[in-house]
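*Asks:* I'd like to ask you about the structure that follows.
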Amino acid sequence: SQTIHQWPATLVQPVGSPLSLECTVEGTSNPNLYWYRQAAGRGLQLLFYSVGIGQISSEVPQNLSASRPQDRQFILSSKKLLLSDSGFYLCAWSEQPEAFFGQGTRLTVV
Amino acid sequence: GQNIDQPTEMTATEGAIVQINCTYQTSGFNGLFWYQQHAGEAPTFLSYNVLDGLEEKGRFSSFLSRSKGYSYLLLKELQMKDSASYLCAVSYPAAGNKLTFGGGTRVLVKP
């Protein structure tokens with residue numbers, strides 16, 4: 001069966017520090033991968049999606065970037081965090097039709 | 001645009017039925033999805049509709065009318081554990097099947 005791992009579960013980072021969130025999927029090959037962010041009490045905002053290794057589509061311009069160095073690995077990064085980057089970050093994968101989410105990383109930028 | 005609108009909050013009584021509406025102004029999607037999200041947790045898949053009509057899965061049913069730009073999620077025999085946010089989303093096959101979500105509806109089930 002397929003599983004998705006996302007870590008860490010919580011993270012507190014100072015403004016201006018770098019960020020690296022990692023997501024891996026097991027039990028499937030060539031999945032579509034996604035990074036979402038959810039502000040408190042709000043819906044999910046799609047940040048990036050990837051349909052294959054090295055293929056990244058950006059949905060919202062901001063100081064975040066994503067990479068897919070391996071088929072089942074998706075990384076979300078930032079060189080310098082802003083206060084507004086705080087939120088609940090969710091990785092997801094899809095073959096079709098539905099998407100399945102990782103457990104999320106709650107990021108607080110202080 | 002890809003406007004997907006849902007009511008912000010709804011309150012219902014244990015054992016009752018609640019209908020959560022979702023309206024959208026978008027096209028080119030291949031399915032409409034419903035997810036459940038408990039506070040502080042990741043969303044979990046509930047149901048989806050590709051064709052117009054009703055899809056039933058136990059206590060949960062979802063309906064889609066593409067001509068009216070409208071969907072609803074029906075929760076029957078409400079239980080306290082159904083208190084959660086319910087997210088409506090559409091997927092776009094031309095863009096990696098990405099899901100675009102509405103703002104979610106928070107449902108509070110009272111005894």
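In the structure tokens, chains take letters A, B, ... by order of appearance, with residues numbered from 1 within each chain and ligands from 1 in the order shown.
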Which of chain A counts as strand (DSSP E or B) under DSSP, as a PyMOL selection string please?
*Replies:* chain A and resi 3-7+10-13+19-26+32-38+44-52+55-58+64-70+73-78+87-94+99-101+105-109
*Asks:* Taking only C-alpha atoms into account, report as number ranges by chain which residues of chain A lie within 8 Å of chain B.
*Replies:* A: 32, 34, 42-46, 49-51, 90, 94, 96-104
*Asks:* Neighbours of A:Val109 within 9 Å (only C-alpha atoms; same-chain residues fewer than 6 positions away dropped), as a compact mmCIF listing (two decimals) with C-alpha atoms, in the first residue's frame?
*Replies:*
```txt
# COMPACT_ATOMS: atom_id res chain seq x y z
CA LEU A 11 8.89 23.72 13.45
CA VAL A 12 9.68 27.09 14.99
CA GLN A 13 12.09 29.19 12.96
CA PRO A 14 13.33 32.79 13.27
CA VAL A 15 12.66 35.35 10.58
CA LEU A 81 11.66 33.00 6.02
CA LEU A 82 9.14 35.78 6.54
CA LEU A 83 6.58 36.08 9.34
CA SER A 84 3.87 35.56 6.71
CA ASP A 85 5.30 32.11 5.92
CA SER A 86 3.80 30.74 9.13
CA GLY A 87 1.14 28.13 8.51
```
*Asks:* Between B:Tyr70, B:Asp52, B:Ser65, B:Arg59, which has the minimum distance to B:Ile17 (counting only C-alpha atoms)?
*Replies:*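 Looking only at the distances to B:Ile17, the closest residue turns out to be B:Arg59.
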*Asks:* In terms of the shortest atom-to-atom distance over only C-alpha atoms, which of A:Ser58, A:Trp93, A:Thr3, A:Ala39 is closest to A:Gly27?
*Replies:*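 Checking each candidate against A:Gly27, we get A:Thr3 as the closest.
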